[in-house]
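I have placed the structure first, in the form of structure tokens, so that the comments after it can refer back to it.
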Amino acid sequence: MTKNTRPLLTPNQITVLRFLLIFPLLIGWFMTQDESIRTWIAMAFALVFVGDCWDGIIAKRYDMRSVFGAYFDPIVDHISYFALLIMLIVDADISLWFLFVLLDP
């Protein structure tokens, strides 16, 4: 049995996929009030954060670090955190002051 030494997706591909998923999920969240659809959207959004872990693991394990990933991955991380906070604040699950606490350097 041969061992595949290359991952199916590169870390940069995972990062771009995460970026492309954030906005449709965010828009879908506000377009529907159906709790079952929102549950699926929340689970898909959780996969965005799991993808964040996996792209870092793959980049380190297979030494696939790149300049693009070094700059774009943190940007996608912040966009995804901010999108999650917007979803929670608009639905009044957390207070607005919590956003300012997180944004304070």
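Identifiers in this document derive from the order of the structure tokens: chains are assigned A, B, ..., residues are numbered from 1 separately in each chain, and ligands are numbered from 1 in order of occurrence.
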
Quick one: everything within 12 Å of Gln13 of chain A, counting only C-alpha atoms, minus sequence neighbours fewer than 2 positions away in the same chain. Send it as a list of chain:residue names.
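Selected residues are A:Pro7, A:Leu8, A:Leu9, A:Thr10, A:Pro11, A:Thr15, A:Val16, A:Leu17, A:Arg18, A:Phe19, A:Leu20, A:Gly51, A:Asp52, A:Trp54, A:Asp55, A:Gly56, A:Ile58, A:Ala59, A:Met64, A:Ser66, A:Phe68, A:Gly69, A:Phe72, A:Asp73.
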
Same residues, N, CA and C atoms, output as an mmCIF file, in the first residue's frame:
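Saved file result-v9.cif follows:
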```cif
data_model
loop_
_atom_site.group_PDB
_atom_site.id
_atom_site.type_symbol
_atom_site.label_atom_id
_atom_site.label_comp_id
_atom_site.auth_asym_id
_atom_site.auth_seq_id
_atom_site.Cartn_x
_atom_site.Cartn_y
_atom_site.Cartn_z
ATOM 1 N N PRO A 7 -1.554 16.337 0.431
ATOM 2 C CA PRO A 7 -2.954 16.443 0.856
ATOM 3 C C PRO A 7 -3.869 16.733 -0.329
ATOM 4 N N LEU A 8 -5.144 16.433 -0.169
ATOM 5 C CA LEU A 8 -6.126 16.649 -1.222
ATOM 6 C C LEU A 8 -6.251 18.127 -1.578
ATOM 7 N N LEU A 9 -6.290 18.985 -0.566
ATOM 8 C CA LEU A 9 -6.373 20.432 -0.773
ATOM 9 C C LEU A 9 -5.174 21.106 -0.118
ATOM 10 N N THR A 10 -4.661 22.139 -0.773
ATOM 11 C CA THR A 10 -3.571 22.892 -0.175
ATOM 12 C C THR A 10 -4.146 23.878 0.846
ATOM 13 N N PRO A 11 -3.335 24.353 1.771
ATOM 14 C CA PRO A 11 -3.829 25.328 2.753
ATOM 15 C C PRO A 11 -4.400 26.583 2.096
ATOM 16 N N THR A 15 -8.170 28.095 2.548
ATOM 17 C CA THR A 15 -8.392 29.474 2.966
ATOM 18 C C THR A 15 -9.324 30.193 1.993
ATOM 19 N N VAL A 16 -9.109 30.026 0.702
ATOM 20 C CA VAL A 16 -9.983 30.666 -0.285
ATOM 21 C C VAL A 16 -11.391 30.094 -0.188
ATOM 22 N N LEU A 17 -11.515 28.792 0.012
ATOM 23 C CA LEU A 17 -12.826 28.177 0.177
ATOM 24 C C LEU A 17 -13.539 28.737 1.412
ATOM 25 N N ARG A 18 -12.811 28.906 2.493
ATOM 26 C CA ARG A 18 -13.390 29.505 3.693
ATOM 27 C C ARG A 18 -13.890 30.911 3.405
ATOM 28 N N PHE A 19 -13.083 31.694 2.688
ATOM 29 C CA PHE A 19 -13.455 33.061 2.348
ATOM 30 C C PHE A 19 -14.725 33.086 1.498
ATOM 31 N N LEU A 20 -14.805 32.185 0.539
ATOM 32 C CA LEU A 20 -15.970 32.139 -0.344
ATOM 33 C C LEU A 20 -17.232 31.661 0.371
ATOM 34 N N GLY A 51 -12.023 24.460 9.187
ATOM 35 C CA GLY A 51 -11.106 24.643 8.065
ATOM 36 C C GLY A 51 -9.904 25.491 8.438
ATOM 37 N N ASP A 52 -10.113 26.442 9.324
ATOM 38 C CA ASP A 52 -9.007 27.269 9.806
ATOM 39 C C ASP A 52 -7.975 26.405 10.515
ATOM 40 N N TRP A 54 -7.526 23.145 10.057
ATOM 41 C CA TRP A 54 -6.930 22.191 9.120
ATOM 42 C C TRP A 54 -5.921 22.837 8.187
ATOM 43 N N ASP A 55 -6.185 24.068 7.741
ATOM 44 C CA ASP A 55 -5.196 24.665 6.837
ATOM 45 C C ASP A 55 -3.886 24.935 7.563
ATOM 46 N N GLY A 56 -3.951 25.266 8.835
ATOM 47 C CA GLY A 56 -2.725 25.444 9.613
ATOM 48 C C GLY A 56 -1.983 24.140 9.833
ATOM 49 N N ILE A 58 -2.135 21.401 7.946
ATOM 50 C CA ILE A 58 -1.574 20.939 6.671
ATOM 51 C C ILE A 58 -0.346 21.769 6.289
ATOM 52 N N ALA A 59 -0.436 23.090 6.487
ATOM 53 C CA ALA A 59 0.697 23.948 6.127
ATOM 54 C C ALA A 59 1.950 23.583 6.913
ATOM 55 N N MET A 64 3.986 23.611 3.655
ATOM 56 C CA MET A 64 3.343 24.279 2.523
ATOM 57 C C MET A 64 3.026 25.736 2.862
ATOM 58 N N SER A 66 3.178 29.726 2.609
ATOM 59 C CA SER A 66 3.352 30.632 1.471
ATOM 60 C C SER A 66 3.131 32.067 1.932
ATOM 61 N N PHE A 68 1.219 34.205 0.342
ATOM 62 C CA PHE A 68 -0.216 34.422 0.209
ATOM 63 C C PHE A 68 -0.951 33.951 1.465
ATOM 64 N N GLY A 69 -0.645 32.753 1.918
ATOM 65 C CA GLY A 69 -1.295 32.213 3.107
ATOM 66 C C GLY A 69 -0.963 32.990 4.365
ATOM 67 N N PHE A 72 -3.230 36.233 3.785
ATOM 68 C CA PHE A 72 -4.659 36.083 3.548
ATOM 69 C C PHE A 72 -5.361 35.284 4.643
ATOM 70 N N ASP A 73 -4.698 34.299 5.225
ATOM 71 C CA ASP A 73 -5.336 33.482 6.264
ATOM 72 C C ASP A 73 -5.751 34.312 7.481
#
```

Near Ile27 of chain A, within 12 Å and counting only C-alpha atoms, which residues show up once chain neighbours fewer than 6 positions away are dropped, as a ChimeraX atom specification?
/A:21,33,38,41,45,83-84,86-87

Taking the DSSP assignment computed from this structure's backbone, write out as a PyMOL selection string all residues of chain A that belong to helix (DSSP H, G or I).
chain A and resi 11-31+35-61+67-90+96-103
